[in-house]
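Structure data follow from final-v6.cif (mmCIF, C-alpha atoms and all ligand atoms):
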```cif
data_target
loop_
_atom_site.label_atom_id
_atom_site.label_comp_id
_atom_site.auth_asym_id
_atom_site.auth_seq_id
_atom_site.Cartn_x
_atom_site.Cartn_y
_atom_site.Cartn_z
CA MET A 1 14.82 -9.45 16.82
CA SER A 2 17.69 -8.12 18.97
CA ALA A 3 17.18 -5.43 21.65
CA LYS A 4 18.94 -2.97 19.34
CA GLN A 5 16.56 -3.71 16.44
CA HIS A 6 13.59 -3.39 18.80
CA VAL A 7 14.77 -0.03 20.09
CA LEU A 8 15.47 1.21 16.56
CA SER A 9 12.07 0.09 15.39
CA VAL A 10 10.31 2.09 18.15
CA LEU A 11 12.49 5.17 17.51
CA GLU A 12 11.84 4.98 13.74
CA LYS A 13 8.09 4.87 14.36
CA ASN A 14 8.41 7.94 16.63
CA LYS A 15 10.99 9.83 14.57
CA GLY A 16 11.48 13.42 15.76
CA LYS A 17 9.72 12.66 19.07
CA SER A 18 11.22 11.63 22.41
CA VAL A 19 10.53 8.18 23.80
CA SER A 20 11.33 7.61 27.45
CA GLY A 21 13.93 5.00 28.37
CA ALA A 22 11.53 3.57 30.96
CA LYS A 23 8.79 3.18 28.34
CA LEU A 24 11.18 1.52 25.90
CA ALA A 25 12.35 -0.88 28.59
CA GLN A 26 8.80 -1.70 29.65
CA GLU A 27 7.42 -2.17 26.12
CA LEU A 28 10.31 -4.26 24.93
CA PHE A 29 10.65 -6.31 28.13
CA ILE A 30 14.31 -5.38 28.53
CA SER A 31 16.27 -3.61 31.26
CA ARG A 32 16.96 0.16 31.13
CA ASN A 33 20.63 -0.75 30.94
CA ALA A 34 19.93 -2.83 27.81
CA VAL A 35 18.08 0.17 26.32
CA TRP A 36 21.04 2.42 27.06
CA LYS A 37 23.46 -0.09 25.50
CA ALA A 38 21.31 -0.34 22.37
CA ILE A 39 21.20 3.46 22.06
CA LYS A 40 25.00 3.72 22.41
CA SER A 41 25.53 1.06 19.80
CA LEU A 42 23.11 2.77 17.36
CA GLN A 43 24.85 6.10 17.93
CA LEU A 44 28.18 4.45 17.12
CA GLU A 45 26.67 3.20 13.86
CA GLY A 46 25.89 6.82 12.98
CA TYR A 47 22.26 7.16 14.13
CA ASP A 48 21.54 10.73 15.22
CA ILE A 49 19.89 10.00 18.58
CA THR A 50 19.84 12.60 21.33
CA ALA A 51 19.08 11.96 24.98
CA VAL A 52 16.69 14.67 26.16
CA PRO A 53 16.67 15.03 29.97
CA ASN A 54 13.37 13.92 31.55
CA LYS A 55 11.96 13.06 28.12
CA GLY A 56 14.02 10.20 26.75
CA TYR A 57 15.62 9.40 23.42
CA CYS A 58 14.87 11.10 20.13
CA LEU A 59 15.91 9.94 16.65
CA SER A 60 16.44 13.02 14.48
CA GLU A 61 14.01 13.62 11.61
CA ASP A 62 17.05 14.18 9.37
CA ASN A 63 18.41 10.73 10.06
CA ASP A 64 18.44 8.95 6.69
CA ILE A 65 20.16 5.66 7.40
CA LEU A 66 18.44 2.83 5.58
CA SER A 67 17.41 -0.07 7.76
CA VAL A 68 14.74 -2.75 7.87
CA GLU A 69 13.19 -0.82 10.76
CA SER A 70 13.07 2.45 8.78
CA ILE A 71 11.35 0.78 5.79
CA ILE A 72 8.79 -1.42 7.54
CA PRO A 73 6.49 1.43 8.72
CA TYR A 74 5.80 2.32 5.06
CA LEU A 75 5.10 -1.20 3.79
CA SER A 76 1.52 -2.18 3.04
CA ASP A 77 0.09 -5.13 4.89
CA HIS A 78 -0.27 -7.17 1.68
CA ILE A 79 3.51 -7.47 1.35
CA ARG A 80 4.47 -8.20 4.95
CA PRO A 81 5.84 -11.65 4.04
CA VAL A 82 8.66 -9.95 2.11
CA ASN A 83 11.96 -10.83 3.73
CA LEU A 84 13.98 -7.60 3.88
CA GLU A 85 17.69 -7.25 4.51
CA VAL A 86 19.72 -4.05 4.46
CA ARG A 87 23.50 -4.09 4.22
CA LYS A 88 25.93 -1.19 4.38
CA SER A 89 28.20 -2.09 1.49
CA VAL A 90 28.05 -4.96 -0.98
CA THR A 91 29.60 -5.73 -4.37
CA SER A 92 26.22 -5.98 -6.09
CA THR A 93 22.81 -6.77 -4.61
CA ASN A 94 21.97 -8.71 -7.80
CA THR A 95 25.10 -10.86 -7.54
CA ILE A 96 24.45 -11.68 -3.89
CA LEU A 97 20.82 -12.60 -4.51
CA LYS A 98 21.85 -14.80 -7.45
CA GLU A 99 24.15 -16.71 -5.10
CA LEU A 100 21.42 -16.98 -2.47
CA ALA A 101 18.93 -18.13 -5.13
CA SER A 102 21.16 -20.97 -6.23
CA GLU A 103 21.52 -21.99 -2.56
CA GLY A 104 17.72 -22.28 -2.34
CA GLU A 105 16.66 -18.94 -0.83
CA ALA A 106 12.89 -18.47 -1.04
CA GLU A 107 10.97 -16.00 -3.19
CA GLY A 108 10.47 -12.62 -1.56
CA LYS A 109 14.00 -12.00 -0.32
CA VAL A 110 14.80 -8.31 -0.82
CA LEU A 111 18.35 -7.04 -0.46
CA ILE A 112 19.02 -3.33 -0.16
CA ALA A 113 22.45 -1.75 0.10
CA GLU A 114 23.66 1.70 1.10
CA GLU A 115 26.50 1.31 -1.39
CA GLN A 116 27.66 -1.10 -4.12
CA THR A 117 31.33 -1.47 -4.94
CA GLY A 118 30.66 -3.53 -8.09
CA GLY A 119 27.20 -2.41 -9.16
CA ARG A 120 26.26 -3.87 -12.53
CA GLY A 121 24.15 -2.41 -15.31
CA ARG A 122 22.70 -3.81 -18.54
CA LEU A 123 24.90 -4.94 -21.40
CA GLY A 124 27.86 -5.60 -19.09
CA ARG A 125 28.16 -1.98 -17.99
CA ASN A 126 29.03 -0.80 -14.48
CA PHE A 127 26.41 0.95 -12.39
CA TYR A 128 27.76 3.82 -10.33
CA SER A 129 26.47 3.19 -6.79
CA PRO A 130 27.89 5.60 -4.20
CA ALA A 131 26.76 5.64 -0.55
CA ARG A 132 24.02 7.94 0.79
CA THR A 133 22.73 9.37 -2.50
CA GLY A 134 21.20 6.25 -4.04
CA LEU A 135 18.95 3.29 -3.41
CA TYR A 136 20.17 -0.09 -4.64
CA MET A 137 17.63 -2.86 -4.25
CA SER A 138 17.16 -6.37 -5.64
CA ILE A 139 14.21 -8.73 -5.29
CA LEU A 140 14.39 -12.50 -5.60
CA LEU A 141 11.42 -14.05 -7.40
CA ARG A 142 10.54 -17.60 -8.36
CA PRO A 143 7.86 -16.86 -10.95
CA LYS A 144 5.96 -19.65 -12.60
CA VAL A 145 6.24 -18.13 -16.06
CA LYS A 146 8.00 -18.87 -19.34
CA VAL A 147 11.48 -17.45 -19.92
CA GLU A 148 10.22 -14.94 -22.49
CA ASP A 149 7.70 -13.60 -19.97
CA SER A 150 10.51 -12.30 -17.76
CA LEU A 151 10.20 -9.12 -19.86
CA TYR A 152 7.00 -8.38 -17.93
CA ILE A 153 8.86 -8.54 -14.65
CA THR A 154 11.12 -5.74 -15.82
CA THR A 155 8.14 -3.87 -17.21
CA SER A 156 6.12 -4.09 -14.02
CA ALA A 157 9.21 -3.14 -11.98
CA ALA A 158 9.69 -0.04 -14.16
CA VAL A 159 6.07 0.98 -13.64
CA SER A 160 6.39 0.37 -9.87
CA VAL A 161 9.52 2.52 -9.61
CA ALA A 162 7.97 5.32 -11.70
CA LYS A 163 4.79 5.34 -9.59
CA ALA A 164 6.77 5.25 -6.33
CA ILE A 165 9.00 8.14 -7.40
CA GLU A 166 5.94 10.17 -8.32
CA LYS A 167 4.17 9.35 -5.06
CA VAL A 168 7.15 10.19 -2.85
CA THR A 169 8.54 13.22 -4.71
CA GLY A 170 5.73 14.57 -6.88
CA CYS A 171 8.12 14.44 -9.87
CA GLU A 172 6.58 13.12 -13.09
CA ALA A 173 8.44 9.89 -13.92
CA LYS A 174 8.63 8.59 -17.50
CA ILE A 175 9.85 5.20 -18.73
CA LYS A 176 12.34 4.95 -21.56
CA TRP A 177 11.84 1.55 -23.15
CA VAL A 178 12.81 -0.96 -21.93
CA ASN A 179 13.52 -0.06 -18.36
CA ASP A 180 15.13 3.31 -17.67
CA ILE A 181 13.22 5.84 -15.60
CA PHE A 182 13.54 9.50 -16.48
CA CYS A 183 12.63 12.58 -14.45
CA ASP A 184 13.07 16.11 -15.84
CA GLY A 185 14.72 14.60 -18.93
CA LYS A 186 17.46 12.81 -16.95
CA LYS A 187 17.93 9.10 -16.21
CA VAL A 188 17.26 8.55 -12.51
CA CYS A 189 16.91 4.77 -12.42
CA GLY A 190 18.06 1.69 -14.28
CA ILE A 191 16.77 -1.86 -13.87
CA LEU A 192 18.69 -5.08 -14.39
CA THR A 193 16.68 -8.29 -14.50
CA GLU A 194 18.62 -11.55 -14.45
CA ALA A 195 17.04 -14.96 -14.75
CA GLY A 196 18.19 -18.46 -13.90
CA VAL A 197 16.71 -20.97 -16.32
CA ASP A 198 15.37 -24.34 -15.23
CA PHE A 199 16.68 -26.36 -18.17
CA GLU A 200 14.67 -29.47 -17.31
CA GLY A 201 11.33 -27.76 -16.70
CA GLY A 202 11.86 -25.16 -19.44
CA GLY A 203 10.75 -22.27 -17.18
CA LEU A 204 12.49 -19.90 -14.84
CA GLU A 205 14.25 -21.24 -11.77
CA TYR A 206 14.57 -17.76 -10.33
CA CYS A 207 14.55 -14.17 -11.42
CA ILE A 208 16.39 -11.27 -9.79
CA VAL A 209 15.09 -7.80 -10.46
CA GLY A 210 17.58 -5.13 -9.42
CA MET A 211 16.84 -1.41 -9.34
CA GLY A 212 19.36 1.35 -8.94
CA ILE A 213 17.93 4.80 -8.21
CA ASN A 214 19.85 8.05 -8.06
CA VAL A 215 18.12 9.77 -5.20
CA ALA A 216 20.30 12.89 -5.30
CA ARG A 217 23.27 14.09 -7.35
CA PRO A 218 26.32 12.76 -5.53
CA GLN A 219 28.76 15.21 -3.98
CA GLY A 220 31.35 16.02 -6.64
CA ASP A 221 28.77 14.97 -9.29
CA PHE A 222 28.36 11.78 -11.38
CA PRO A 223 31.38 10.39 -13.27
CA ASP A 224 32.10 12.20 -16.57
CA GLU A 225 30.68 9.44 -18.78
CA ILE A 226 27.17 9.69 -17.28
CA LYS A 227 27.19 13.31 -16.06
CA GLU A 228 25.07 14.61 -18.94
CA ILE A 229 22.44 11.90 -18.93
CA ALA A 230 22.10 11.04 -15.20
CA GLY A 231 20.04 13.00 -12.70
CA GLY A 232 18.72 12.62 -9.16
CA ILE A 233 15.05 12.51 -8.19
CA PHE A 234 15.66 15.03 -5.42
CA GLU A 235 17.44 18.30 -5.91
CA PRO A 236 19.40 19.30 -2.77
CA ASN A 237 16.69 21.75 -1.70
CA ARG A 238 14.03 19.03 -1.92
CA TYR A 239 15.98 16.39 0.00
CA SER A 240 13.84 15.35 2.94
CA SER A 241 14.14 12.77 5.67
CA ASN A 242 13.17 9.13 5.26
CA LEU A 243 12.80 9.46 1.53
CA ARG A 244 14.90 6.44 0.61
CA SER A 245 13.00 4.29 3.10
CA LYS A 246 9.66 5.56 1.78
CA LEU A 247 10.78 5.01 -1.79
CA ALA A 248 11.97 1.46 -1.13
CA ALA A 249 8.68 0.62 0.60
CA GLU A 250 6.49 2.18 -2.10
CA ILE A 251 8.35 0.37 -4.88
CA LEU A 252 7.76 -2.92 -3.06
CA ASN A 253 4.11 -2.04 -2.41
CA TYR A 254 3.41 -1.38 -6.09
CA PHE A 255 5.57 -4.22 -7.39
CA TRP A 256 4.04 -6.83 -5.11
CA GLY A 257 0.57 -5.70 -6.13
CA TYR A 258 1.36 -6.28 -9.82
CA TYR A 259 3.32 -9.46 -9.20
CA SER A 260 0.54 -11.10 -7.22
CA GLU A 261 -1.82 -10.62 -10.19
CA PHE A 262 0.83 -11.05 -12.82
CA SER A 263 -1.28 -12.78 -15.46
CA LYS A 264 -3.58 -9.74 -15.68
CA LYS A 265 -0.74 -7.56 -17.03
CA ALA A 266 -2.45 -4.64 -15.33
CA PHE A 267 0.75 -2.60 -15.65
CA ILE A 268 0.94 -2.45 -19.46
CA ASP A 269 -1.41 0.53 -19.89
CA GLU A 270 0.51 2.46 -17.26
CA TYR A 271 3.78 1.49 -18.94
CA ARG A 272 2.51 2.88 -22.25
CA ARG A 273 1.11 6.01 -20.62
CA ARG A 274 4.48 6.75 -19.08
CA SER A 275 6.48 6.14 -22.26
CA PHE A 276 9.30 8.61 -22.75
CA LEU A 277 9.67 7.56 -26.41
CA ILE A 278 6.27 7.46 -28.11
CA GLY A 279 6.16 10.12 -30.82
CA LYS A 280 9.92 10.76 -30.70
CA GLU A 281 12.68 10.18 -33.25
CA VAL A 282 14.93 7.43 -31.86
CA ASN A 283 18.07 5.53 -32.83
CA ILE A 284 17.91 1.74 -32.67
CA ILE A 285 21.27 0.53 -31.46
CA SER A 286 22.57 -2.84 -32.66
CA GLY A 287 26.27 -3.38 -31.98
CA ASP A 288 27.96 -0.25 -33.31
CA GLN A 289 25.17 0.39 -35.84
CA LEU A 290 22.52 3.07 -35.35
CA GLN A 291 19.27 3.08 -37.28
CA ASN A 292 16.95 6.04 -37.28
CA ALA A 293 13.23 5.40 -36.60
CA LYS A 294 10.14 6.97 -35.11
CA ALA A 295 8.69 5.41 -31.94
CA LEU A 296 4.98 4.83 -32.53
CA ASP A 297 3.65 2.76 -29.67
CA ILE A 298 4.16 0.17 -26.96
CA ASP A 299 2.11 -2.92 -27.79
CA GLU A 300 0.17 -5.19 -25.41
CA ASN A 301 3.31 -7.30 -24.95
CA ALA A 302 5.43 -4.31 -23.88
CA ARG A 303 7.29 -4.30 -27.20
CA LEU A 304 8.32 -1.05 -28.88
CA VAL A 305 6.66 -0.38 -32.23
CA VAL A 306 8.75 1.82 -34.53
CA GLN A 307 8.52 3.09 -38.09
CA LEU A 308 11.66 3.06 -40.21
CA PRO A 309 12.38 5.92 -42.68
CA ASP A 310 11.16 3.73 -45.61
CA GLY A 311 7.79 3.31 -43.88
CA GLU A 312 8.34 -0.25 -42.65
CA ILE A 313 6.84 -0.94 -39.20
CA LYS A 314 9.04 -2.95 -36.85
CA THR A 315 8.29 -4.36 -33.40
CA LEU A 316 11.24 -4.61 -31.01
CA SER A 317 11.11 -6.97 -28.05
CA SER A 318 14.61 -6.34 -26.68
CA GLY A 319 17.63 -4.20 -27.29
CA GLU A 320 18.41 -0.57 -26.79
CA VAL A 321 17.37 2.72 -28.32
CA SER A 322 18.72 6.21 -27.80
CA ILE A 323 17.17 9.61 -28.40
C1 LIG B 1 21.15 -0.10 -16.09
O1 LIG B 1 20.82 1.09 -16.04
O2 LIG B 1 21.90 -0.53 -16.98
C2 LIG B 1 20.65 -1.04 -15.03
C3 LIG B 1 21.22 -0.70 -13.68
C4 LIG B 1 20.77 -1.63 -12.57
C5 LIG B 1 21.43 -1.30 -11.25
C6 LIG B 1 20.87 -2.09 -10.12
S1 LIG B 1 21.40 -1.45 -8.56
C7 LIG B 1 20.76 -2.84 -7.75
C8 LIG B 1 21.10 -4.03 -8.61
N1 LIG B 1 22.45 -4.50 -8.34
C9 LIG B 1 23.27 -4.34 -9.39
O3 LIG B 1 24.47 -4.66 -9.42
N2 LIG B 1 22.59 -3.83 -10.41
C10 LIG B 1 21.21 -3.56 -10.07
#
```
Structure rendered as structure tokens:
Amino acid sequence: MSAKQHVLSVLEKNKGKSVSGAKLAQELFISRNAVWKAIKSLQLEGYDITAVPNKGYCLSEDNDILSVESIIPYLSDHIRPVNLEVRKSVTSTNTILKELASEGEAEGKVLIAEEQTGGRGRLGRNFYSPARTGLYMSILLRPKVKVEDSLYITTSAAVSVAKAIEKVTGCEAKIKWVNDIFCDGKKVCGILTEAGVDFEGGGLEYCIVGMGINVARPQGDFPDEIKEIAGGIFEPNRYSSNLRSKLAAEILNYFWGYYSEFSKKAFIDEYRRRSFLIGKEVNIISGDQLQNAKALDIDENARLVVQLPDGEIKTLSSGEVSI
């Protein structure tokens, strides 16, 4: 860890409080000049750090820059081996992790970006990913499961995001099958899971699970095509400090818990309980065709059970429905 990362880590843990330069230097085994240099460099990166005479340096409570140091204090001990990286701007966290996966990167790499310039959604769509108002995070996994079981990775990720949103904001979070999270009737998160198949072994070589969360409505609002459906988990008057860091950490805490006991499928009941669709009239989308149906249930394999107008019961394991 560099002196700058060390200093940031101490300031993050003491956010809103002053930490003396002498104490920082002593604890981190660096000179006071090195502390000062680290502070200057962090300020240049946009960190709101004030020097309070006779007290030391204070990182403002309102500072909401995502960093490894800002997330770590909220991570549970059981997921410490996760290898976190935060970048300012990337094309797509999923694309980068896919490249790293094919170069041999180990399971547990998590890439978070402040902004994505080429964020990708399901079905070849773009995912609008502006800076400051969202959280864009991908996790690299090397699960020892069959290709068809990658559905459960998405499912457990959806449950983890919904629970984390609820824990951090108090907002009730529902899941629209397969993997969209809704709060107050608006889509606040989408999940894109991409798998690399091991053709010789017949299983998965890697799996990237990418989550894009709208933390707040962006300034100037969402683009026209998603304006009506998209929402943010925090309204401007509820926006509080550290929330993206807390959210990232809580998602990882929940997800790692489920992933480490994957075979138990402990998340399915919660997935069903949070369904946004059960009991509603839906449209099953296939190509440019829409078929009306009623959503009845989510089965033990996370498939959507629907009833068609002629009474036929159908079980869907992939695809898209609208309401
Ligand atoms: C969807 O709603 O269609 C899924 C959106 C998934 C977006 C996330 S943001 C992090 C990761 N990187 C991407 O390019 N996509 C996913």
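Considering only C-alpha atoms and all ligand atoms, every residue of the polymer chains approaching ligand LIG 1 (chain B) to 6 Å or closer is listed here: Ser92, Thr93, Asn94, Gly119, Arg120, Gly121, Arg122, Phe127, Tyr136, Met137, Ser138, Gly190, Ile191, Leu192, Gly210, Met211 and Gly212 of chain A.
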Could you produce a table of the residues of region 40-80 of chain A lying within 12 Å of region 86-90 of chain A, with the nearest pair of atoms per residue and their separation in Å rounded to one decimal, using all atoms listed in the file, ordered by chain and increasing residue number, as a tab-separated table?
```
residue	atom	partner	partner_atom	distance
A:Glu45	CA	A:Lys88	CA	10.5
A:Gly46	CA	A:Lys88	CA	11.8
A:Ile65	CA	A:Lys88	CA	9.5
A:Leu66	CA	A:Val86	CA	7.1
A:Ser67	CA	A:Val86	CA	5.7
A:Val68	CA	A:Val86	CA	6.2
A:Glu69	CA	A:Val86	CA	9.6
A:Ser70	CA	A:Val86	CA	10.3
A:Ile71	CA	A:Val86	CA	9.8
A:Ile72	CA	A:Val86	CA	11.7
```
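Interatomic distance, CA of Asp180 (chain A) to CA of Leu296 (chain A): 18.1 Å.
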Would you pick out the contacts of region 256-261 of chain A at 12 Å or less, using all atoms listed in the file, so that residues sharing its chain but fewer than 3 positions from it are not included, and give the list as a PyMOL selection string? chain A and resi 75-82+107-108+110+139-145+150+152-161+209+249-253+264-268+270
Just to be explicit: take each residue in the selection above, keep C-alpha atoms, and write the result as a compact mmCIF listing (two decimals), keeping the file's coordinate frame.
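Just written: again_20.txt:
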```txt
# COMPACT_ATOMS: atom_id res chain seq x y z
CA LEU A 75 5.10 -1.20 3.79
CA SER A 76 1.52 -2.18 3.04
CA ASP A 77 0.09 -5.13 4.89
CA HIS A 78 -0.27 -7.17 1.68
CA ILE A 79 3.51 -7.47 1.35
CA ARG A 80 4.47 -8.20 4.95
CA PRO A 81 5.84 -11.65 4.04
CA VAL A 82 8.66 -9.95 2.11
CA GLU A 107 10.97 -16.00 -3.19
CA GLY A 108 10.47 -12.62 -1.56
CA VAL A 110 14.80 -8.31 -0.82
CA ILE A 139 14.21 -8.73 -5.29
CA LEU A 140 14.39 -12.50 -5.60
CA LEU A 141 11.42 -14.05 -7.40
CA ARG A 142 10.54 -17.60 -8.36
CA PRO A 143 7.86 -16.86 -10.95
CA LYS A 144 5.96 -19.65 -12.60
CA VAL A 145 6.24 -18.13 -16.06
CA SER A 150 10.51 -12.30 -17.76
CA TYR A 152 7.00 -8.38 -17.93
CA ILE A 153 8.86 -8.54 -14.65
CA THR A 154 11.12 -5.74 -15.82
CA THR A 155 8.14 -3.87 -17.21
CA SER A 156 6.12 -4.09 -14.02
CA ALA A 157 9.21 -3.14 -11.98
CA ALA A 158 9.69 -0.04 -14.16
CA VAL A 159 6.07 0.98 -13.64
CA SER A 160 6.39 0.37 -9.87
CA VAL A 161 9.52 2.52 -9.61
CA VAL A 209 15.09 -7.80 -10.46
CA ALA A 249 8.68 0.62 0.60
CA GLU A 250 6.49 2.18 -2.10
CA ILE A 251 8.35 0.37 -4.88
CA LEU A 252 7.76 -2.92 -3.06
CA ASN A 253 4.11 -2.04 -2.41
CA LYS A 264 -3.58 -9.74 -15.68
CA LYS A 265 -0.74 -7.56 -17.03
CA ALA A 266 -2.45 -4.64 -15.33
CA PHE A 267 0.75 -2.60 -15.65
CA ILE A 268 0.94 -2.45 -19.46
CA GLU A 270 0.51 2.46 -17.26
```
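Residue nearest Leu290 (chain A) within the list A:Ala230, A:Leu243, A:Ile96, A:Ile323: A:Ile323 [criterion: smallest interatomic distance, all atoms listed in the file].
Between CA of Glu320 (chain A) and CA of Ile285 (chain A) the separation is 5.6 Å.
Distance-wise, CA of Gly319 (chain A) and CA of Phe255 (chain A) end up 23.3 Å apart.
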Best match for closeness to Glu61 (chain A) among A:Ser129, A:Asn33, A:Thr95, A:Asn242, counting all atoms listed in the file: A:Asn242
Which residues, written as an MDAnalysis selection string, have at least one atom at most 8 Å from region 300-309 of chain A, with all atoms listed in the file counted and residues fewer than 3 positions away on the same chain left out? chainID A and resid 151:152 155 177 268 271:272 292:297 312:318
